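A.B. asks: Sharing a structure below in structure tokens format, with a few things to ask.
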Amino acid sequence: MANGNGKTGLKDRIKETNDKLWNSQVVGAILRPGSPFKQGYSDSPRNRSYVVMNNVLYHLHPVKVKRHAVKLSYTLCLGGLSFFLFIHLTITGIFLMFYYTPTAELAYVDIQALSTDIAFGSLVRNMHRWGAHLMVLSVFLHMSRVFYHGAYKPPREFNWVIGVILLLLTLLLSFSGYLLPWDQLALWAVTVGTNMAGFVPVVGEQVKFALLAGVEVSAATLLRFYVLHVLAFPFIIVIFMAVHFWRVRKDGGISGPL
Amino acid sequence: MVDIPESLLRRSAEAKAKALGVPVEQVLAEMKGEGPPVEVSRAEPVAEEPAEEVASVEEPVSVEEETSVDQPDEAVEEAPSSTDEETSSSAAAEVEGRAAVAVEDKPEAAPPVEGNGSGDGQVAALVTPRPSVPPTGLPEGVRTQRLLTVVKARAIQSVKAEPQDKVNTWPHLMLIEFGALLAITALLVIMAVVIHSPLLDPANFNATPNPSKAPWYFLGLQELLSYFDPQIAGVTVPTIVGLIGFMMVPFVDRNPSTRPSDRKFAILLYSIFIAGSATLTIIGVLFRGRGFNFSYPWKDGIFFDDLKDWVDFE
């Protein structure tokens, strides 16, 4: 300890503090016993298991998966990509929410400011927009991949149904976000889209009225779409995603025959 | 009723024959003679027994209410000591207590009792599952067994799971996922830098743009709407086919195989769906111009404002 003149060196003190921190009750409470963050990671079968087991990841993946399941050429990671895109969209969306006001007077101005004034505003807005389009695409491709492999067959039928609902919710999320820039493109694309909803025979007009908060797109529609886009649909889709991921594990893992 | 394999039946008969001191063949014949002709084999000994033992037993009630053929033996054992109602009922209660175990017995196991008066006590002792009660008439060192039930071997023997070809999620799967996450992030950032999101003039209710197009994922529908009656294209196709139809897929497609060669029809249908929706969407995006009329993108330009930044190189 002592470095010649009877005092404790800085290096030793740092080490001491570090040890104290990692052995403290607080850290011990945060990390599960055996967590690699706590005891260091050296490659061993036990530690490989701990990485997953002592982690929230354990909700998504088991400790071991079939060798066949990790073949990238089989799943193309499309379901995972959809999930990653959702996370991207959530993060960029939260950023955008700080600078956006869902009123007919301010919405367009705010988007303009995002594109020109705000640091990284343009980048984040572009990422959010292209991410949304990519997510529609990746969810659709994921569904196609599942279909071509016949992966919806028992016991995975119910998860397929959940998946179709997730596709619908993805479309709704994308569509509700489409109006928010409040420019000509947004206004008239949503007008065309909601007109199509109006053609549904029995409930069509009611659905359209509920979506638009009126008989046609108006300032009230903007607020409605905003709340649906940033709160209602994400809330619903997260619930269905949770069920979807849970069933993936319960029904025999991420891919492959049972 | 489980069909007992011949070998097990024989082993059981041998044990019984050894215990009773009668030839194996006799016991076996009795067992078999019991089984095949009458399916309700438990009725027979009940019917026969009182006929033979009625003089000494005088217990028709307890015999009649038996559910298991073992119980008459118990009753017989107890009855001669006293014909008292109480004793017999307590005997019946005791019998019931044991019946839980004895109920597993195959009826075929019981018949040797009949026509063997001296063996009654022994068989009754055999019936009792408690090994602490020694069988009275047995030779020293002879242990008897009886068949309680037949279970499938796998159920009790295969404790270990079959080995599977598995790899650790970390690092094998998670590295791939991490790579996918990086790749999609890189793609998004590059796209965001290269292609700018469109922002047209402020929303104006009085200026309808020409053409007015839906978002691209609804353009296939809009395309259909220009061919068909709105009720068909706007309702039947998207809601019935698109939603209900897709949800019903696993319940309509009952073919259990996942091999592509076994499900050509399903694959064909889905491929038609993809090709059709892709064609319609591409037509809607590229080949529809003013008034949503056909136009050629190389001649009239592309009317797709989503990619305005790419389409108008200004």
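Chain labels A, B, ... are given in the sequence in which chains occur in the structure tokens; within each chain residues are numbered consecutively from 1, and ligands are likewise numbered from 1 in the order shown.
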Using only C-alpha atoms, I'd like every residue of chain B that has an atom within 7 Å of chain A; please write them out as JSON, numbers by chain.

C.D. replies: {"B": [165, 166, 167, 168, 169, 170, 173, 180, 181, 188, 189, 192, 193, 196, 197, 199, 200, 201, 202, 203, 204, 212, 213, 214, 215, 230, 231, 234, 235, 246, 247, 250, 256, 258, 267, 305]}

A.B. asks: Report as JSON, numbers by chain: the residues of stretch 37-165 of chain A with a DSSP assignment of helix (DSSP H, G or I), based on the backbone of this structure.

C.D. replies: {"A": [37, 38, 39, 45, 46, 47, 48, 49, 50, 51, 52, 53, 56, 57, 58, 59, 67, 68, 69, 70, 72, 73, 74, 75, 78, 79, 80, 81, 82, 83, 84, 85, 86, 87, 88, 89, 90, 91, 92, 93, 94, 95, 96, 97, 107, 108, 109, 110, 111, 112, 113, 114, 115, 116, 121, 122, 123, 124, 125, 126, 127, 128, 129, 130, 131, 132, 133, 134, 135, 136, 137, 138, 139, 140, 141, 142, 143, 144, 145, 146, 147, 148, 157, 158, 159, 160, 161, 162, 163, 164, 165]}

A.B. asks: So, with only C-alpha atoms as the atoms that count, which of B:Pro260, B:Gly245, B:Pro209, B:Pro198 lies closest to B:Arg290?

C.D. replies: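 Residue with the minimum atom-to-atom distance to B:Arg290: B:Pro209.
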
A.B. asks: Separation of atom CA of A:His59 and atom CA of A:Trp246, in Å?

C.D. replies: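 So the two atoms, atom CA of A:His59 and atom CA of A:Trp246, lie 7.7 Å apart.
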
A.B. asks: Which residue, A:Val207, A:Leu21, A:Met53, A:Leu173, has the smallest gap to A:Lys38 when you use only C-alpha atoms?

C.D. replies: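 So, comparing all the options, the nearest one is A:Leu21.
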
A.B. asks: Counting only C-alpha atoms, which of B:Met31, B:Ile302, B:Val285, B:Val150 gets nearest to B:Leu219?

C.D. replies: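 When distances to B:Leu219 are compared using only C-alpha atoms, the smallest one comes from B:Val285.
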
A.B. asks: Give me, please, the distance in Å between atom CA of A:Arg249 and atom CA of A:Leu60, quoted to one decimal.

C.D. replies: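 Taking atom CA of A:Arg249 and atom CA of A:Leu60, their separation equals 7.3 Å.
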
A.B. asks: Write down as a list in words the residues of stretch 8-257 of chain A whose backbone DSSP state falls under strand (DSSP E or B).

C.D. replies: Thr8, Lys64, Val65, Lys66 and Asp183 of chain A

A.B. asks: Can you work out the spacing between atom CA of B:Asp309 and atom CA of A:Leu114 in Å, to one decimal?

C.D. replies: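 Between atom CA of B:Asp309 and atom CA of A:Leu114 the gap works out to 16.5 Å.
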